[in-house]
$ cat input.pdb   # PDB, C-alpha atoms, pLDDT in the B column
MODEL        1
ATOM      1  CA  MET A  28      34.139  65.853  73.036  1.00 82.00           C
ATOM      2  CA  LEU A  29      37.919  66.223  72.875  1.00 82.00           C
ATOM      3  CA  ALA A  30      37.659  67.571  69.322  1.00 86.00           C
ATOM      4  CA  LEU A  31      35.217  70.262  70.465  1.00 87.00           C
ATOM      5  CA  LEU A  32      37.483  71.204  73.343  1.00 87.00           C
ATOM      6  CA  LEU A  33      40.497  71.462  71.038  1.00 88.00           C
ATOM      7  CA  ALA A  34      38.559  73.484  68.466  1.00 88.00           C
ATOM      8  CA  ASN A  35      37.348  75.882  71.145  1.00 86.00           C
ATOM      9  CA  SER A  36      40.872  76.235  72.564  1.00 88.00           C
ATOM     10  CA  PHE A  37      42.226  76.968  69.089  1.00 85.00           C
ATOM     11  CA  ARG A  38      39.501  79.569  68.530  1.00 87.00           C
ATOM     12  CA  LEU A  39      40.234  81.288  71.842  1.00 90.00           C
ATOM     13  CA  LEU A  40      43.979  81.305  71.188  1.00 88.00           C
ATOM     14  CA  ASN A  41      43.462  82.667  67.681  1.00 84.00           C
ATOM     15  CA  ASN A  42      41.178  85.429  69.004  1.00 88.00           C
ATOM     16  CA  ALA A  43      43.729  86.362  71.675  1.00 91.00           C
ATOM     17  CA  LEU A  44      46.560  86.533  69.121  1.00 87.00           C
ATOM     18  CA  GLU A  45      44.385  88.575  66.767  1.00 87.00           C
ATOM     19  CA  SER A  46      43.521  91.026  69.538  1.00 90.00           C
ATOM     20  CA  GLN A  47      47.129  91.341  70.683  1.00 90.00           C
ATOM     21  CA  THR A  48      48.340  91.934  67.115  1.00 86.00           C
ATOM     22  CA  ARG A  49      45.709  94.615  66.446  1.00 87.00           C
ATOM     23  CA  SER A  50      46.561  96.300  69.748  1.00 90.00           C
ATOM     24  CA  LYS A  51      50.280  96.429  68.902  1.00 89.00           C
ATOM     25  CA  LEU A  52      49.488  97.874  65.485  1.00 87.00           C
ATOM     26  CA  GLU A  53      47.295 100.570  67.028  1.00 90.00           C
ATOM     27  CA  MET A  54      50.171 101.547  69.330  1.00 90.00           C
ATOM     28  CA  LEU A  55      52.598 101.612  66.399  1.00 88.00           C
ATOM     29  CA  VAL A  56      50.576 103.986  64.185  1.00 89.00           C
ATOM     30  CA  PRO A  57      51.234 107.171  66.219  1.00 91.00           C
ATOM     31  CA  LEU A  58      54.952 106.343  66.384  1.00 88.00           C
ATOM     32  CA  LEU A  59      55.162 105.876  62.627  1.00 90.00           C
ATOM     33  CA  ASN A  60      53.122 109.019  61.962  1.00 90.00           C
ATOM     34  CA  SER A  61      55.274 111.176  64.219  1.00 89.00           C
ATOM     35  CA  SER A  62      58.603 109.798  63.049  1.00 89.00           C
ATOM     36  CA  LEU A  63      57.912 109.330  59.330  1.00 90.00           C
ATOM     37  CA  GLY A  64      54.894 111.426  58.317  1.00 86.00           C
ATOM     38  CA  GLY A  65      56.671 114.766  58.015  1.00 87.00           C
ATOM     39  CA  ARG A  66      59.748 113.231  56.373  1.00 88.00           C
ATOM     40  CA  VAL A  67      57.586 111.501  53.755  1.00 87.00           C
ATOM     41  CA  PHE A  68      55.744 114.763  53.105  1.00 83.00           C
ATOM     42  CA  GLN A  69      59.105 116.541  52.678  1.00 87.00           C
ATOM     43  CA  ARG A  70      60.575 113.608  50.710  1.00 86.00           C
ATOM     44  CA  ASP A  71      63.601 113.492  53.005  1.00 88.00           C
ATOM     45  CA  HIS A  72      64.858 110.105  51.778  1.00 89.00           C
ATOM     46  CA  ALA A  73      68.067 110.028  53.829  1.00 91.00           C
ATOM     47  CA  GLU A  74      66.226 110.757  57.083  1.00 93.00           C
ATOM     48  CA  ILE A  75      63.510 108.191  56.241  1.00 93.00           C
ATOM     49  CA  GLN A  76      66.185 105.513  55.699  1.00 93.00           C
ATOM     50  CA  SER A  77      67.866 106.470  58.987  1.00 93.00           C
ATOM     51  CA  ILE A  78      64.595 106.203  60.917  1.00 93.00           C
ATOM     52  CA  LEU A  79      63.779 102.854  59.307  1.00 93.00           C
ATOM     53  CA  ALA A  80      67.200 101.532  60.254  1.00 93.00           C
ATOM     54  CA  ASP A  81      66.647 102.583  63.870  1.00 92.00           C
ATOM     55  CA  LEU A  82      63.188 100.978  63.952  1.00 90.00           C
ATOM     56  CA  ILE A  83      64.309  97.683  62.412  1.00 90.00           C
ATOM     57  CA  GLN A  84      67.602  97.338  64.301  1.00 89.00           C
ATOM     58  CA  SER A  85      66.228  98.147  67.732  1.00 85.00           C
ATOM     59  CA  ARG A  86      66.495  95.159  70.034  1.00 83.00           C
ATOM     60  CA  HIS A  87      63.013  95.994  71.321  1.00 82.00           C
ATOM     61  CA  SER A  88      61.449  96.016  67.872  1.00 82.00           C
ATOM     62  CA  GLU A  89      59.379  93.154  66.547  1.00 86.00           C
ATOM     63  CA  LEU A  90      59.408  94.668  63.058  1.00 89.00           C
ATOM     64  CA  VAL A  91      60.904  92.485  60.338  1.00 91.00           C
ATOM     65  CA  TYR A  92      60.713  95.064  57.573  1.00 92.00           C
ATOM     66  CA  ILE A  93      59.239  98.452  56.702  1.00 92.00           C
ATOM     67  CA  ILE A  94      58.396  99.693  53.233  1.00 92.00           C
ATOM     68  CA  VAL A  95      57.529 103.367  52.746  1.00 92.00           C
ATOM     69  CA  LEU A  96      55.471 104.288  49.674  1.00 88.00           C
ATOM     70  CA  ASP A  97      54.135 107.660  48.613  1.00 84.00           C
ATOM     71  CA  GLN A  98      50.488 108.277  47.686  1.00 84.00           C
ATOM     72  CA  GLN A  99      51.172 107.080  44.132  1.00 87.00           C
ATOM     73  CA  ASP A 100      52.689 103.843  45.509  1.00 86.00           C
ATOM     74  CA  LYS A 101      56.203 104.928  44.495  1.00 88.00           C
ATOM     75  CA  LEU A 102      58.859 103.321  46.673  1.00 89.00           C
ATOM     76  CA  LEU A 103      60.516 105.910  48.934  1.00 90.00           C
ATOM     77  CA  ALA A 104      62.442 103.643  51.293  1.00 91.00           C
ATOM     78  CA  VAL A 105      62.737 100.052  52.418  1.00 92.00           C
ATOM     79  CA  ARG A 106      64.549  98.393  55.276  1.00 93.00           C
ATOM     80  CA  GLY A 107      64.620  94.837  56.568  1.00 91.00           C
ATOM     81  CA  ASP A 108      64.054  91.344  55.242  1.00 89.00           C
ATOM     82  CA  VAL A 109      61.854  91.975  52.187  1.00 89.00           C
ATOM     83  CA  ASP A 110      62.203  92.180  48.422  1.00 86.00           C
ATOM     84  CA  PRO A 111      61.077  95.712  47.445  1.00 78.00           C
ATOM     85  CA  LEU A 112      60.304  94.498  43.928  1.00 80.00           C
ATOM     86  CA  ARG A 113      57.779  91.954  45.235  1.00 84.00           C
ATOM     87  CA  LEU A 114      55.682  93.763  47.824  1.00 80.00           C
ATOM     88  CA  PRO A 115      53.874  91.361  50.153  1.00 84.00           C
ATOM     89  CA  GLN A 116      50.093  91.294  50.300  1.00 85.00           C
ATOM     90  CA  SER A 117      48.560  92.419  53.588  1.00 84.00           C
ATOM     91  CA  ASP A 118      47.466  89.643  55.930  1.00 84.00           C
ATOM     92  CA  LEU A 119      43.855  90.024  57.033  1.00 82.00           C
ATOM     93  CA  THR A 120      44.138  87.727  60.037  1.00 81.00           C
ATOM     94  CA  VAL A 121      46.850  86.244  62.201  1.00 80.00           C
ATOM     95  CA  GLY A 122      46.070  82.918  60.550  1.00 81.00           C
ATOM     96  CA  ASP A 123      47.117  84.373  57.190  1.00 83.00           C
ATOM     97  CA  ALA A 124      50.536  85.119  58.674  1.00 81.00           C
ATOM     98  CA  ALA A 125      51.112  81.469  59.580  1.00 79.00           C
ATOM     99  CA  ARG A 126      52.630  80.630  56.191  1.00 80.00           C
ATOM    100  CA  ASP A 127      55.708  82.857  56.730  1.00 85.00           C
ATOM    101  CA  LEU A 128      55.333  83.785  60.432  1.00 84.00           C
ATOM    102  CA  VAL A 129      55.225  87.503  59.545  1.00 88.00           C
ATOM    103  CA  PHE A 130      52.068  89.609  59.860  1.00 88.00           C
ATOM    104  CA  ASP A 131      52.159  91.823  56.769  1.00 90.00           C
ATOM    105  CA  THR A 132      50.014  94.934  57.050  1.00 88.00           C
ATOM    106  CA  TYR A 133      49.563  98.412  55.651  1.00 86.00           C
ATOM    107  CA  VAL A 134      49.553 101.536  57.803  1.00 87.00           C
ATOM    108  CA  PRO A 135      48.639 104.835  56.103  1.00 88.00           C
ATOM    109  CA  LEU A 136      50.723 107.774  57.311  1.00 87.00           C
ATOM    110  CA  SER A 137      49.323 111.205  58.037  1.00 83.00           C
ATOM    111  CA  VAL A 138      50.512 114.611  59.193  1.00 79.00           C
ATOM    112  CA  GLN A 139      48.003 116.273  61.504  1.00 77.00           C
ATOM    113  CA  GLY A 140      45.226 114.048  60.136  1.00 73.00           C
ATOM    114  CA  THR A 141      46.082 114.687  56.480  1.00 75.00           C
ATOM    115  CA  PRO A 142      47.292 111.634  54.496  1.00 77.00           C
ATOM    116  CA  VAL A 143      50.839 111.916  53.134  1.00 69.00           C
TER     117      VAL A 143
ENDMDL
END

$ encode --input "input.pdb" --output "structure tokens"
Amino acid sequence: MLALLLANSFRLLNNALESQTRSKLEMLVPLLNSSLGGRVFQRDHAEIQSILADLIQSRHSELVYIIVLDQQDKLLAVRGDVDPLRLPQSDLTVGDAARDLVFDTYVPLSVQGTPV
């Protein structure tokens, strides 16, 4: 009985963490689109790096790193604790992030609904 209770508690906790993570990502997408989308489209590398620095260094940010790629997967900018030569694979679930305690994900940028 205790094993079932523990398994159910783990499942509920995992679902709550998954939901919270997805919610935070959904809130982050408009911010990234508005701050980076136009700069990526214009290839303004200096401004992209400046924005990434602000996003990573903010004391309110939970971001560990940001990598900005163009549509051909060419590296435009990188900031934070990551090796740009070894891009991490996206985590599909919060459980996948347990190995390094970082939820790696991919967020496509767009300008007025058009991918950049």

$ closest_residue --input "input.pdb" --among "A:Val105, A:Leu96, A:Val67, A:Lys51" --to "Leu79 of chain A" --atoms "only C-alpha atoms"
A:Val105

$ closest_residue --input "input.pdb" --among "A:Ala34, A:Thr132, A:Gly140, A:Gln99" --to "Thr120 of chain A" --atoms "only C-alpha atoms"
A:Thr132

$ resolve_selection --input "input.pdb" --expression "the PyMOL selection byres ((chain A and resi 109-116) around 9)" --output "VMD selection string"
chain A and resid 91 to 94 102 104 to 108 117 to 118 131 to 133

$ residues_around --input "input.pdb" --residues "Glu74 of chain A" --least-positions-apart "4" --cutoff "12 Å" --atoms "all atoms listed in the file" --output "count of residues only"
15

$ resolve_selection --input "input.pdb" --expression "the PyMOL selection byres ((chain A and resi 52) around 12)" --output "count of residues only"
22

$ atom_distance --input "input.pdb" --atom1 "atom CA of Leu136 of chain A" --atom2 "atom CA of Asn60 of chain A"
5.4 Å

$ atom_distance --input "input.pdb" --atom1 "atom CA of Ala43 of chain A" --atom2 "atom CA of Val121 of chain A"
10.0 Å

$ atom_distance --input "input.pdb" --atom1 "atom CA of Ser137 of chain A" --atom2 "atom CA of Leu44 of chain A"
27.2 Å

$ build_atoms --input "input.pdb" --residues "segment 128-139 of chain A" --atoms "all heavy atoms" --output "PDB file, in the coordinates of the input"
ATOM      1  N   LEU A 128      55.152  83.327  59.054  1.00 84.00           N
ATOM      2  CA  LEU A 128      55.333  83.785  60.432  1.00 84.00           C
ATOM      3  C   LEU A 128      55.607  85.287  60.534  1.00 84.00           C
ATOM      4  O   LEU A 128      56.260  85.749  61.473  1.00 84.00           O
ATOM      5  CB  LEU A 128      56.432  82.993  61.137  1.00 84.00           C
ATOM      6  CG  LEU A 128      56.207  81.484  61.218  1.00 84.00           C
ATOM      7  CD1 LEU A 128      57.375  80.807  61.905  1.00 84.00           C
ATOM      8  CD2 LEU A 128      54.905  81.167  61.934  1.00 84.00           C
ATOM      9  N   VAL A 129      55.118  86.047  59.550  1.00 88.00           N
ATOM     10  CA  VAL A 129      55.225  87.503  59.545  1.00 88.00           C
ATOM     11  C   VAL A 129      53.849  88.063  59.233  1.00 88.00           C
ATOM     12  O   VAL A 129      53.229  87.677  58.251  1.00 88.00           O
ATOM     13  CB  VAL A 129      56.242  87.994  58.485  1.00 88.00           C
ATOM     14  CG1 VAL A 129      56.260  89.513  58.414  1.00 88.00           C
ATOM     15  CG2 VAL A 129      57.635  87.467  58.791  1.00 88.00           C
ATOM     16  N   PHE A 130      53.366  88.972  60.094  1.00 88.00           N
ATOM     17  CA  PHE A 130      52.068  89.609  59.860  1.00 88.00           C
ATOM     18  C   PHE A 130      52.310  90.844  58.998  1.00 88.00           C
ATOM     19  O   PHE A 130      52.818  91.857  59.464  1.00 88.00           O
ATOM     20  CB  PHE A 130      51.407  89.992  61.186  1.00 88.00           C
ATOM     21  CG  PHE A 130      50.003  90.490  61.018  1.00 88.00           C
ATOM     22  CD1 PHE A 130      48.961  89.603  60.840  1.00 88.00           C
ATOM     23  CD2 PHE A 130      49.727  91.848  61.014  1.00 88.00           C
ATOM     24  CE1 PHE A 130      47.660  90.055  60.679  1.00 88.00           C
ATOM     25  CE2 PHE A 130      48.436  92.314  60.851  1.00 88.00           C
ATOM     26  CZ  PHE A 130      47.396  91.412  60.679  1.00 88.00           C
ATOM     27  N   ASP A 131      51.990  90.721  57.717  1.00 90.00           N
ATOM     28  CA  ASP A 131      52.159  91.823  56.769  1.00 90.00           C
ATOM     29  C   ASP A 131      50.925  92.710  56.839  1.00 90.00           C
ATOM     30  O   ASP A 131      49.799  92.223  56.751  1.00 90.00           O
ATOM     31  CB  ASP A 131      52.307  91.283  55.343  1.00 90.00           C
ATOM     32  CG  ASP A 131      53.471  90.323  55.203  1.00 90.00           C
ATOM     33  OD1 ASP A 131      54.606  90.760  55.416  1.00 90.00           O
ATOM     34  OD2 ASP A 131      53.239  89.140  54.883  1.00 90.00           O
ATOM     35  N   THR A 132      51.145  94.013  56.981  1.00 88.00           N
ATOM     36  CA  THR A 132      50.014  94.934  57.050  1.00 88.00           C
ATOM     37  C   THR A 132      50.390  96.268  56.441  1.00 88.00           C
ATOM     38  O   THR A 132      51.560  96.533  56.165  1.00 88.00           O
ATOM     39  CB  THR A 132      49.517  95.108  58.500  1.00 88.00           C
ATOM     40  OG1 THR A 132      48.266  95.779  58.484  1.00 88.00           O
ATOM     41  CG2 THR A 132      50.511  95.869  59.341  1.00 88.00           C
ATOM     42  N   TYR A 133      49.410  97.096  56.256  1.00 86.00           N
ATOM     43  CA  TYR A 133      49.563  98.412  55.651  1.00 86.00           C
ATOM     44  C   TYR A 133      49.092  99.445  56.660  1.00 86.00           C
ATOM     45  O   TYR A 133      48.013  99.311  57.232  1.00 86.00           O
ATOM     46  CB  TYR A 133      48.703  98.464  54.390  1.00 86.00           C
ATOM     47  CG  TYR A 133      48.632  99.813  53.743  1.00 86.00           C
ATOM     48  CD1 TYR A 133      49.625 100.257  52.909  1.00 86.00           C
ATOM     49  CD2 TYR A 133      47.549 100.652  53.967  1.00 86.00           C
ATOM     50  CE1 TYR A 133      49.562 101.495  52.304  1.00 86.00           C
ATOM     51  CE2 TYR A 133      47.476 101.900  53.376  1.00 86.00           C
ATOM     52  CZ  TYR A 133      48.476 102.313  52.547  1.00 86.00           C
ATOM     53  OH  TYR A 133      48.420 103.537  51.967  1.00 86.00           O
ATOM     54  N   VAL A 134      49.907 100.464  56.879  1.00 87.00           N
ATOM     55  CA  VAL A 134      49.553 101.536  57.803  1.00 87.00           C
ATOM     56  C   VAL A 134      49.666 102.862  57.055  1.00 87.00           C
ATOM     57  O   VAL A 134      50.772 103.268  56.696  1.00 87.00           O
ATOM     58  CB  VAL A 134      50.483 101.555  59.046  1.00 87.00           C
ATOM     59  CG1 VAL A 134      50.165 102.724  59.945  1.00 87.00           C
ATOM     60  CG2 VAL A 134      50.410 100.245  59.793  1.00 87.00           C
ATOM     61  N   PRO A 135      48.546 103.536  56.789  1.00 88.00           N
ATOM     62  CA  PRO A 135      48.639 104.835  56.103  1.00 88.00           C
ATOM     63  C   PRO A 135      49.205 105.897  57.040  1.00 88.00           C
ATOM     64  O   PRO A 135      48.831 105.974  58.205  1.00 88.00           O
ATOM     65  CB  PRO A 135      47.196 105.139  55.715  1.00 88.00           C
ATOM     66  CG  PRO A 135      46.353 104.312  56.617  1.00 88.00           C
ATOM     67  CD  PRO A 135      47.170 103.129  57.033  1.00 88.00           C
ATOM     68  N   LEU A 136      50.121 106.694  56.534  1.00 87.00           N
ATOM     69  CA  LEU A 136      50.723 107.774  57.311  1.00 87.00           C
ATOM     70  C   LEU A 136      49.935 109.056  57.128  1.00 87.00           C
ATOM     71  O   LEU A 136      49.311 109.270  56.090  1.00 87.00           O
ATOM     72  CB  LEU A 136      52.170 108.022  56.874  1.00 87.00           C
ATOM     73  CG  LEU A 136      53.147 106.871  57.081  1.00 87.00           C
ATOM     74  CD1 LEU A 136      54.507 107.234  56.507  1.00 87.00           C
ATOM     75  CD2 LEU A 136      53.272 106.529  58.555  1.00 87.00           C
ATOM     76  N   SER A 137      49.989 109.899  58.136  1.00 83.00           N
ATOM     77  CA  SER A 137      49.323 111.205  58.037  1.00 83.00           C
ATOM     78  C   SER A 137      50.108 112.239  58.835  1.00 83.00           C
ATOM     79  O   SER A 137      50.863 111.895  59.742  1.00 83.00           O
ATOM     80  CB  SER A 137      47.888 111.128  58.540  1.00 83.00           C
ATOM     81  OG  SER A 137      47.863 110.829  59.915  1.00 83.00           O
ATOM     82  N   VAL A 138      49.939 113.482  58.451  1.00 79.00           N
ATOM     83  CA  VAL A 138      50.512 114.611  59.193  1.00 79.00           C
ATOM     84  C   VAL A 138      49.336 115.463  59.626  1.00 79.00           C
ATOM     85  O   VAL A 138      48.609 116.004  58.803  1.00 79.00           O
ATOM     86  CB  VAL A 138      51.487 115.428  58.303  1.00 79.00           C
ATOM     87  CG1 VAL A 138      51.953 116.670  59.044  1.00 79.00           C
ATOM     88  CG2 VAL A 138      52.669 114.573  57.871  1.00 79.00           C
ATOM     89  N   GLN A 139      49.106 115.542  60.914  1.00 77.00           N
ATOM     90  CA  GLN A 139      48.003 116.273  61.504  1.00 77.00           C
ATOM     91  C   GLN A 139      46.655 115.888  60.860  1.00 77.00           C
ATOM     92  O   GLN A 139      45.835 116.720  60.531  1.00 77.00           O
ATOM     93  CB  GLN A 139      48.222 117.779  61.396  1.00 77.00           C
ATOM     94  CG  GLN A 139      49.429 118.241  62.177  1.00 77.00           C
ATOM     95  CD  GLN A 139      49.660 119.733  62.072  1.00 77.00           C
ATOM     96  OE1 GLN A 139      49.104 120.410  61.233  1.00 77.00           O
ATOM     97  NE2 GLN A 139      50.500 120.233  62.950  1.00 77.00           N
TER      98      GLN A 139
END
